[in-house]
Amino acid sequence: MIEFKLLGIGVLSWMVFLPVLGMIVLLLMPKSAEKYLKYITVGFTSVLVLLAIVMMTIYDPSKAGINSLAGFQFVEKLNWIDIPAYLWDGRIKIEYFLGVDGISFPMVLLTALISFIGAIASFSVKRNEKGYYTMYLFLVAGMMGVFVALDFFLFFVFWEIMLLPMYFLIGIWGGERREYAAIKFFLYTFFGSAFILVVMIGLYFSSKDPETGLHTFNMLTLMDPRTLPADSLFGMLNETWRLLAFVSLFIGFAIKVPAFPFHTWLPDAHVEAPTAISVILAGVLLKMGTYGMLRISWSIFPDGAKYFMVPIAIIAAINIIYGALCAMAQKDFKKLIAYSSISHMGYVMLGMASLTAIGISGAVFQMFNHGTITAVLFLSVGVIYDRAHTRGLNDFGGLANKMPKYFAVLIVAFFASIGLPGLSAFISETFIFIGGFTNHFIRVVAIISMLGIILNAAYILWTIQRLFFGTLPEKWNGLTDISARELISTIPLLVIVVVLGIFPSYMLDLMKSSVNLLVNFIWGIN
């Protein structure tokens, strides 16, 4: 089992609580030094990126395990809450349990990277900077915690922690309808959390740790069939309750994805959120939903994943096609990218529904790729909005000559979003469709979903035409090209998109063993 400690503290604890330390530093800063707030935030998030890179050099992709501690790396495990239970025989035991495998580690890398990029993009925030950057770092801590927690209770704590800062970041620093968007985001996500909470408590009281005989929130233990006695609420003999639990978890996580018909909060949240928060929202938060499905739903209730794979594939197809059609109808640049995200997360769900190693590998890879590509797209929206104070696609034209560097950045991101060969999304989307074709139960759904590729190309190419070609309106003669700071926030992401498009094995090798083991576990293959 690989360990990595700094000053006697595990690296995953640093990844989670370094942003909290940054929050404390910001709160203690005097008013006279507030001009340094943004640089301190960039400094703390840059350390996260450095730690993630070091972890990547140490990480051993050959180790994998679904319900085995040996399959997880950088593990930290301590008793957190351990008190007598007076109403029944036993104790309430909750662990501070962290670890990563090939499914979660790419998300840790993505979170660190997008958090750093978002901090740079936040330089345009000029109002109440201390509150903004404090909430920003609090959000980073919550997101990182979700991807490294291996105790269900701890996972849920981080899942809920993320709600508070995002609510304020949209509600205070957002656009004209920021309060409406923030409340809608909070209510939708909080509604989904109730479904997760019910199953979490049910699993706790249904479980018995084979070693201690105690109820447990340990996710690895809950994945062990011996943990849930056959006659317990979620035991193998209670098939109906297990399927209901799977559906409940699916609803809770699908709202975050967001999957149809729970998607309506996302366009509002994106349009009203500041640029950096849109980057975080699309780049990382949406992945928390699909990650939760893989880590919890697919792993604890594999029978539910098999039973509902066709309905999940159909929902994914609706996401892909409906999201693309809605994107095609948009005149607001930011709302177009928001609906594009709904469509692309449908690809992720389709790969997961295939229950094949290549399909799920494509889904996890697409989660990472979508995070990097959509971050560039939202950053690009921010570039033009900061100069023109409008996002109307029909207000522009002829920007290719006026802003050539901006045109170059955005054209690479657009072609990556289309899935052009040589760029990262091509590999992940290809794997997803191969996985869909491999599973004969969802093959027809996968074929229909391919319509999304054509629609995706249609609205992207139409957007390029409206923005960059034609005659430049006279009122935009004073527009300046993309700045050095804006290039610093976009170029690293585009480099990653190109490198992973040419050498996808860098990412696929990280997840290969864990994904193969998960698929074998779902299908009962030893």
# chains A, B, ... in the order shown; residues from 1 in each chain; ligands from 1

call {"tool": "residues_around", "arguments": {"residues": "stretch 302-317 of chain A", "least_positions_apart": "3", "cutoff": "9 Å", "atoms": "only C-alpha atoms", "output": "PDB file with N, CA and C atoms, in the first residue's frame"}}
result
ATOM      1  N   GLU A 239     -34.493  -8.161  -3.135  1.00  0.00           N
ATOM      2  CA  GLU A 239     -34.132  -7.580  -4.428  1.00  0.00           C
ATOM      3  C   GLU A 239     -34.867  -6.274  -4.676  1.00  0.00           C
ATOM      4  N   ARG A 242     -33.279  -3.421  -2.834  1.00  0.00           N
ATOM      5  CA  ARG A 242     -31.984  -3.081  -3.427  1.00  0.00           C
ATOM      6  C   ARG A 242     -32.179  -2.243  -4.698  1.00  0.00           C
ATOM      7  N   LEU A 243     -33.151  -2.614  -5.514  1.00  0.00           N
ATOM      8  CA  LEU A 243     -33.416  -1.845  -6.725  1.00  0.00           C
ATOM      9  C   LEU A 243     -33.940  -0.452  -6.393  1.00  0.00           C
ATOM     10  N   LEU A 244     -34.793  -0.344  -5.369  1.00  0.00           N
ATOM     11  CA  LEU A 244     -35.281   0.968  -4.941  1.00  0.00           C
ATOM     12  C   LEU A 244     -34.127   1.825  -4.416  1.00  0.00           C
ATOM     13  N   ALA A 245     -33.207   1.188  -3.704  1.00  0.00           N
ATOM     14  CA  ALA A 245     -32.045   1.932  -3.200  1.00  0.00           C
ATOM     15  C   ALA A 245     -31.195   2.428  -4.353  1.00  0.00           C
ATOM     16  N   PHE A 246     -31.017   1.588  -5.373  1.00  0.00           N
ATOM     17  CA  PHE A 246     -30.243   2.004  -6.543  1.00  0.00           C
ATOM     18  C   PHE A 246     -30.905   3.195  -7.230  1.00  0.00           C
ATOM     19  N   VAL A 247     -32.226   3.139  -7.399  1.00  0.00           N
ATOM     20  CA  VAL A 247     -32.954   4.237  -8.040  1.00  0.00           C
ATOM     21  C   VAL A 247     -32.823   5.520  -7.216  1.00  0.00           C
ATOM     22  N   ALA A 259     -28.760  14.966 -15.235  1.00  0.00           N
ATOM     23  CA  ALA A 259     -29.414  14.116 -16.224  1.00  0.00           C
ATOM     24  C   ALA A 259     -30.852  14.575 -16.425  1.00  0.00           C
ATOM     25  N   PHE A 260     -31.345  14.401 -17.620  1.00  0.00           N
ATOM     26  CA  PHE A 260     -32.741  14.698 -17.914  1.00  0.00           C
ATOM     27  C   PHE A 260     -33.629  13.839 -17.005  1.00  0.00           C
ATOM     28  N   PRO A 261     -34.682  14.350 -16.387  1.00  0.00           N
ATOM     29  CA  PRO A 261     -35.255  15.700 -16.501  1.00  0.00           C
ATOM     30  C   PRO A 261     -34.828  16.643 -15.361  1.00  0.00           C
ATOM     31  N   SER A 297     -23.089   3.658  -6.366  1.00  0.00           N
ATOM     32  CA  SER A 297     -24.225   2.911  -6.928  1.00  0.00           C
ATOM     33  C   SER A 297     -23.777   1.652  -7.654  1.00  0.00           C
ATOM     34  N   TRP A 298     -22.864   1.795  -8.600  1.00  0.00           N
ATOM     35  CA  TRP A 298     -22.410   0.647  -9.399  1.00  0.00           C
ATOM     36  C   TRP A 298     -21.659  -0.372  -8.535  1.00  0.00           C
ATOM     37  N   SER A 299     -20.967   0.085  -7.490  1.00  0.00           N
ATOM     38  CA  SER A 299     -20.114  -0.805  -6.700  1.00  0.00           C
ATOM     39  C   SER A 299     -20.865  -1.502  -5.571  1.00  0.00           C
ATOM     40  N   ILE A 320     -27.859  13.515 -24.526  1.00  0.00           N
ATOM     41  CA  ILE A 320     -26.993  13.813 -25.663  1.00  0.00           C
ATOM     42  C   ILE A 320     -27.742  14.601 -26.737  1.00  0.00           C
ATOM     43  N   ILE A 321     -28.905  14.097 -27.138  1.00  0.00           N
ATOM     44  CA  ILE A 321     -29.627  14.697 -28.265  1.00  0.00           C
ATOM     45  C   ILE A 321     -30.378  15.954 -27.843  1.00  0.00           C
ATOM     46  N   TYR A 322     -31.102  15.891 -26.738  1.00  0.00           N
ATOM     47  CA  TYR A 322     -31.874  17.049 -26.273  1.00  0.00           C
ATOM     48  C   TYR A 322     -30.946  18.207 -25.897  1.00  0.00           C
ATOM     49  N   SER A 343     -25.229  17.818 -22.852  1.00  0.00           N
ATOM     50  CA  SER A 343     -25.091  16.818 -23.911  1.00  0.00           C
ATOM     51  C   SER A 343     -23.864  15.940 -23.699  1.00  0.00           C
ATOM     52  N   MET A 345     -22.189  15.298 -20.930  1.00  0.00           N
ATOM     53  CA  MET A 345     -22.302  14.407 -19.768  1.00  0.00           C
ATOM     54  C   MET A 345     -23.189  13.205 -20.088  1.00  0.00           C
ATOM     55  N   GLY A 346     -24.036  13.356 -21.108  1.00  0.00           N
ATOM     56  CA  GLY A 346     -24.797  12.196 -21.581  1.00  0.00           C
ATOM     57  C   GLY A 346     -23.893  11.113 -22.135  1.00  0.00           C
ATOM     58  N   TYR A 347     -22.803  11.513 -22.816  1.00  0.00           N
ATOM     59  CA  TYR A 347     -21.833  10.527 -23.292  1.00  0.00           C
ATOM     60  C   TYR A 347     -21.243   9.746 -22.118  1.00  0.00           C
ATOM     61  N   VAL A 348     -20.942  10.448 -21.039  1.00  0.00           N
ATOM     62  CA  VAL A 348     -20.382   9.789 -19.858  1.00  0.00           C
ATOM     63  C   VAL A 348     -21.351   8.731 -19.330  1.00  0.00           C
ATOM     64  N   MET A 349     -22.626   9.108 -19.212  1.00  0.00           N
ATOM     65  CA  MET A 349     -23.623   8.159 -18.710  1.00  0.00           C
ATOM     66  C   MET A 349     -23.814   6.986 -19.647  1.00  0.00           C
ATOM     67  N   LEU A 350     -23.703   7.222 -20.953  1.00  0.00           N
ATOM     68  CA  LEU A 350     -23.839   6.127 -21.914  1.00  0.00           C
ATOM     69  C   LEU A 350     -22.705   5.124 -21.737  1.00  0.00           C
ATOM     70  N   GLY A 351     -21.481   5.606 -21.563  1.00  0.00           N
ATOM     71  CA  GLY A 351     -20.361   4.711 -21.323  1.00  0.00           C
ATOM     72  C   GLY A 351     -20.520   3.919 -20.043  1.00  0.00           C
ATOM     73  N   MET A 352     -21.031   4.574 -18.997  1.00  0.00           N
ATOM     74  CA  MET A 352     -21.251   3.882 -17.733  1.00  0.00           C
ATOM     75  C   MET A 352     -22.353   2.839 -17.860  1.00  0.00           C
ATOM     76  N   ALA A 353     -23.391   3.140 -18.653  1.00  0.00           N
ATOM     77  CA  ALA A 353     -24.499   2.195 -18.825  1.00  0.00           C
ATOM     78  C   ALA A 353     -24.082   0.958 -19.595  1.00  0.00           C
ATOM     79  N   SER A 354     -23.006   1.055 -20.383  1.00  0.00           N
ATOM     80  CA  SER A 354     -22.563  -0.105 -21.167  1.00  0.00           C
ATOM     81  C   SER A 354     -22.058  -1.239 -20.285  1.00  0.00           C
ATOM     82  N   LEU A 355     -21.590  -0.908 -19.084  1.00  0.00           N
ATOM     83  CA  LEU A 355     -21.051  -1.909 -18.138  1.00  0.00           C
ATOM     84  C   LEU A 355     -19.938  -2.744 -18.778  1.00  0.00           C
ATOM     85  N   GLY A 436     -20.770   0.924 -25.961  1.00  0.00           N
ATOM     86  CA  GLY A 436     -22.209   0.812 -26.209  1.00  0.00           C
ATOM     87  C   GLY A 436     -22.530  -0.243 -27.252  1.00  0.00           C
ATOM     88  N   PHE A 441     -27.494  -5.137 -25.352  1.00  0.00           N
ATOM     89  CA  PHE A 441     -28.739  -4.638 -24.763  1.00  0.00           C
ATOM     90  C   PHE A 441     -28.967  -3.160 -25.093  1.00  0.00           C
ATOM     91  N   ILE A 442     -27.894  -2.390 -25.226  1.00  0.00           N
ATOM     92  CA  ILE A 442     -28.039  -0.948 -25.441  1.00  0.00           C
ATOM     93  C   ILE A 442     -27.488  -0.519 -26.807  1.00  0.00           C
ATOM     94  N   VAL A 445     -29.638   1.987 -28.669  1.00  0.00           N
ATOM     95  CA  VAL A 445     -29.581   3.302 -28.018  1.00  0.00           C
ATOM     96  C   VAL A 445     -28.277   4.008 -28.375  1.00  0.00           C
ATOM     97  N   ALA A 446     -27.184   3.249 -28.416  1.00  0.00           N
ATOM     98  CA  ALA A 446     -25.887   3.836 -28.764  1.00  0.00           C
ATOM     99  C   ALA A 446     -25.894   4.361 -30.198  1.00  0.00           C
ATOM    100  N   ILE A 448     -28.524   5.425 -31.903  1.00  0.00           N
ATOM    101  CA  ILE A 448     -29.340   6.649 -31.918  1.00  0.00           C
ATOM    102  C   ILE A 448     -28.559   7.817 -31.324  1.00  0.00           C
ATOM    103  N   SER A 449     -27.779   7.527 -30.275  1.00  0.00           N
ATOM    104  CA  SER A 449     -27.017   8.582 -29.599  1.00  0.00           C
ATOM    105  C   SER A 449     -25.976   9.215 -30.503  1.00  0.00           C
ATOM    106  N   MET A 450     -25.555   8.495 -31.540  1.00  0.00           N
ATOM    107  CA  MET A 450     -24.543   9.039 -32.438  1.00  0.00           C
ATOM    108  C   MET A 450     -25.052  10.255 -33.211  1.00  0.00           C
ATOM    109  N   GLY A 452     -26.075  12.730 -31.811  1.00  0.00           N
ATOM    110  CA  GLY A 452     -25.546  13.845 -31.031  1.00  0.00           C
ATOM    111  C   GLY A 452     -24.232  14.374 -31.589  1.00  0.00           C
ATOM    112  N   PHE A 521     -16.413  -7.187 -11.206  1.00  0.00           N
ATOM    113  CA  PHE A 521     -17.204  -7.253  -9.980  1.00  0.00           C
ATOM    114  C   PHE A 521     -18.693  -7.143 -10.299  1.00  0.00           C
ATOM    115  N   ILE A 522     -19.058  -6.231 -11.204  1.00  0.00           N
ATOM    116  CA  ILE A 522     -20.461  -6.047 -11.564  1.00  0.00           C
ATOM    117  C   ILE A 522     -21.039  -7.314 -12.186  1.00  0.00           C
ATOM    118  N   TRP A 523     -20.259  -7.955 -13.058  1.00  0.00           N
ATOM    119  CA  TRP A 523     -20.747  -9.146 -13.747  1.00  0.00           C
ATOM    120  C   TRP A 523     -20.454 -10.441 -12.995  1.00  0.00           C
ATOM    121  N   GLY A 524     -19.888 -10.334 -11.793  1.00  0.00           N
ATOM    122  CA  GLY A 524     -19.632 -11.516 -10.970  1.00  0.00           C
ATOM    123  C   GLY A 524     -18.528 -12.395 -11.485  1.00  0.00           C
TER     124      GLY A 524
END

call {"tool": "residues_around", "arguments": {"residues": "stretch 135-151 of chain A", "least_positions_apart": "5", "cutoff": "8 Å", "atoms": "only C-alpha atoms", "output": "PDB file with C-alpha atoms, in the first residue's frame"}}
result
ATOM      1  CA  LEU A  12      -4.721  13.358   0.738  1.00  0.00           C
ATOM      2  CA  MET A  15      -5.152  17.996  -0.651  1.00  0.00           C
ATOM      3  CA  VAL A  16      -8.395  18.394   1.287  1.00  0.00           C
ATOM      4  CA  PHE A  17      -7.362  20.767   4.059  1.00  0.00           C
ATOM      5  CA  LEU A  18      -4.735  22.937   2.378  1.00  0.00           C
ATOM      6  CA  PRO A  19      -7.561  25.072   0.918  1.00  0.00           C
ATOM      7  CA  VAL A  20      -9.017  25.330   4.441  1.00  0.00           C
ATOM      8  CA  GLY A  22      -5.729  29.065   2.820  1.00  0.00           C
ATOM      9  CA  MET A  23      -9.166  30.221   4.000  1.00  0.00           C
ATOM     10  CA  THR A  41      -5.362  31.900  -3.504  1.00  0.00           C
ATOM     11  CA  ILE A  94     -17.537   6.590  11.604  1.00  0.00           C
ATOM     12  CA  GLU A  95     -14.058   6.696  10.132  1.00  0.00           C
ATOM     13  CA  TYR A  96     -11.885   9.399   8.626  1.00  0.00           C
ATOM     14  CA  PHE A  97     -11.045   7.197   5.668  1.00  0.00           C
ATOM     15  CA  LEU A  98      -9.350   8.554   2.548  1.00  0.00           C
ATOM     16  CA  GLY A  99      -7.826   6.836  -0.481  1.00  0.00           C
ATOM     17  CA  VAL A 100      -7.706   6.914  -4.282  1.00  0.00           C
ATOM     18  CA  SER A 104     -10.938   8.658  -8.339  1.00  0.00           C
ATOM     19  CA  PHE A 105      -7.335   9.695  -9.005  1.00  0.00           C
ATOM     20  CA  MET A 107     -10.766  13.339 -10.695  1.00  0.00           C
ATOM     21  CA  VAL A 108      -8.267  14.474  -8.040  1.00  0.00           C
ATOM     22  CA  THR A 111      -9.956  19.132  -9.386  1.00  0.00           C
ATOM     23  CA  ALA A 112      -6.477  20.411  -8.565  1.00  0.00           C
ATOM     24  CA  SER A 115      -9.122  24.926  -9.089  1.00  0.00           C
ATOM     25  CA  PHE A 156     -21.822  12.856   2.341  1.00  0.00           C
ATOM     26  CA  PHE A 158     -18.057  16.756   1.797  1.00  0.00           C
ATOM     27  CA  TRP A 159     -20.941  16.467  -0.683  1.00  0.00           C
ATOM     28  CA  GLU A 160     -23.025  18.823   1.468  1.00  0.00           C
ATOM     29  CA  ILE A 161     -20.126  21.158   2.317  1.00  0.00           C
ATOM     30  CA  MET A 162     -19.799  21.954  -1.375  1.00  0.00           C
ATOM     31  CA  PRO A 165     -19.915  28.097  -0.919  1.00  0.00           C
ATOM     32  CA  MET A 166     -21.394  27.501  -4.378  1.00  0.00           C
ATOM     33  CA  PHE A 168     -22.962  32.188  -2.063  1.00  0.00           C
ATOM     34  CA  LEU A 169     -20.541  32.386  -4.999  1.00  0.00           C
ATOM     35  CA  PHE A 217     -20.328   3.440   6.689  1.00  0.00           C
ATOM     36  CA  ASN A 218     -17.067   2.086   5.238  1.00  0.00           C
ATOM     37  CA  MET A 219     -17.687   2.030   1.465  1.00  0.00           C
ATOM     38  CA  LEU A 220     -15.203  -0.768   0.813  1.00  0.00           C
ATOM     39  CA  VAL A 284     -15.551  19.554 -11.648  1.00  0.00           C
ATOM     40  CA  LEU A 285     -18.986  19.661  -9.979  1.00  0.00           C
ATOM     41  CA  MET A 288     -19.234  14.482  -8.821  1.00  0.00           C
ATOM     42  CA  TYR A 291     -18.282   9.667  -9.950  1.00  0.00           C
TER      43      TYR A 291
END

call {"tool": "select_by_dssp", "arguments": {"residues": "stretch 53-215 of chain A", "states": "alpha helix (DSSP H)", "output": "ChimeraX atom specification"}}
result
/A:53-58,105-121,129-148,152-161,163-173,178-206

call {"tool": "residues_around", "arguments": {"residues": "A:Ser417", "least_positions_apart": "4", "cutoff": "10 Å", "atoms": "only C-alpha atoms", "output": "PyMOL selection string"}}
result
chain A and resi 340-341+344+369-370+373-374+377+411-413+423-426+453+456-457+460

call {"tool": "atom_distance", "arguments": {"atom1": "atom CA of A:Ile117", "atom2": "atom CA of A:Ser489"}}
result
5.3 Å

call {"tool": "decode", "arguments": {"residues": "stretch 119-142 of chain A", "atoms": "N, CA and C atoms", "output": "compact mmCIF listing (two decimals), in the first residue's frame"}}
result
# COMPACT_ATOMS: atom_id res chain seq x y z
N ALA A 119 -8.76 29.97 -10.08
CA ALA A 119 -8.21 31.04 -9.23
C ALA A 119 -7.62 32.15 -10.09
N ILE A 120 -6.94 31.78 -11.18
CA ILE A 120 -6.39 32.79 -12.09
C ILE A 120 -7.51 33.56 -12.78
N ALA A 121 -8.56 32.83 -13.17
CA ALA A 121 -9.69 33.47 -13.84
C ALA A 121 -10.48 34.39 -12.91
N SER A 122 -10.29 34.23 -11.61
CA SER A 122 -11.03 35.04 -10.63
C SER A 122 -10.47 36.44 -10.46
N PHE A 123 -9.38 36.76 -11.14
CA PHE A 123 -8.77 38.09 -10.99
C PHE A 123 -9.72 39.20 -11.42
N SER A 124 -10.72 38.87 -12.22
CA SER A 124 -11.67 39.89 -12.66
C SER A 124 -12.67 40.28 -11.58
N VAL A 125 -12.73 39.50 -10.50
CA VAL A 125 -13.64 39.82 -9.38
C VAL A 125 -13.06 41.00 -8.60
N LYS A 126 -13.83 42.04 -8.44
CA LYS A 126 -13.34 43.25 -7.77
C LYS A 126 -14.15 43.61 -6.52
N ARG A 127 -15.26 42.90 -6.29
CA ARG A 127 -16.15 43.26 -5.19
C ARG A 127 -16.05 42.24 -4.05
N ASN A 128 -15.80 42.72 -2.83
CA ASN A 128 -15.73 41.86 -1.65
C ASN A 128 -14.82 40.65 -1.92
N GLU A 129 -13.57 40.94 -2.25
CA GLU A 129 -12.64 39.89 -2.66
C GLU A 129 -12.35 38.90 -1.54
N LYS A 130 -12.27 39.37 -0.31
CA LYS A 130 -11.97 38.44 0.79
C LYS A 130 -13.06 37.38 0.92
N GLY A 131 -14.32 37.80 0.85
CA GLY A 131 -15.41 36.84 0.93
C GLY A 131 -15.40 35.88 -0.24
N TYR A 132 -15.12 36.41 -1.43
CA TYR A 132 -15.12 35.57 -2.63
C TYR A 132 -14.05 34.49 -2.55
N TYR A 133 -12.81 34.89 -2.27
CA TYR A 133 -11.72 33.92 -2.28
C TYR A 133 -11.82 32.94 -1.11
N THR A 134 -12.40 33.39 -0.01
CA THR A 134 -12.63 32.47 1.12
C THR A 134 -13.62 31.39 0.73
N MET A 135 -14.73 31.80 0.11
CA MET A 135 -15.73 30.83 -0.34
C MET A 135 -15.16 29.93 -1.44
N TYR A 136 -14.32 30.49 -2.29
CA TYR A 136 -13.72 29.72 -3.37
C TYR A 136 -12.87 28.57 -2.82
N LEU A 137 -12.02 28.87 -1.86
CA LEU A 137 -11.16 27.83 -1.28
C LEU A 137 -11.99 26.80 -0.49
N PHE A 138 -13.06 27.25 0.15
CA PHE A 138 -13.95 26.34 0.86
C PHE A 138 -14.58 25.36 -0.14
N LEU A 139 -14.97 25.87 -1.30
CA LEU A 139 -15.54 25.03 -2.35
C LEU A 139 -14.52 23.99 -2.83
N VAL A 140 -13.27 24.41 -3.01
CA VAL A 140 -12.22 23.48 -3.46
C VAL A 140 -12.04 22.35 -2.46
N ALA A 141 -12.05 22.68 -1.16
CA ALA A 141 -11.90 21.66 -0.12
C ALA A 141 -13.04 20.64 -0.19
N GLY A 142 -14.27 21.12 -0.36
CA GLY A 142 -15.41 20.20 -0.44
C GLY A 142 -15.33 19.29 -1.65
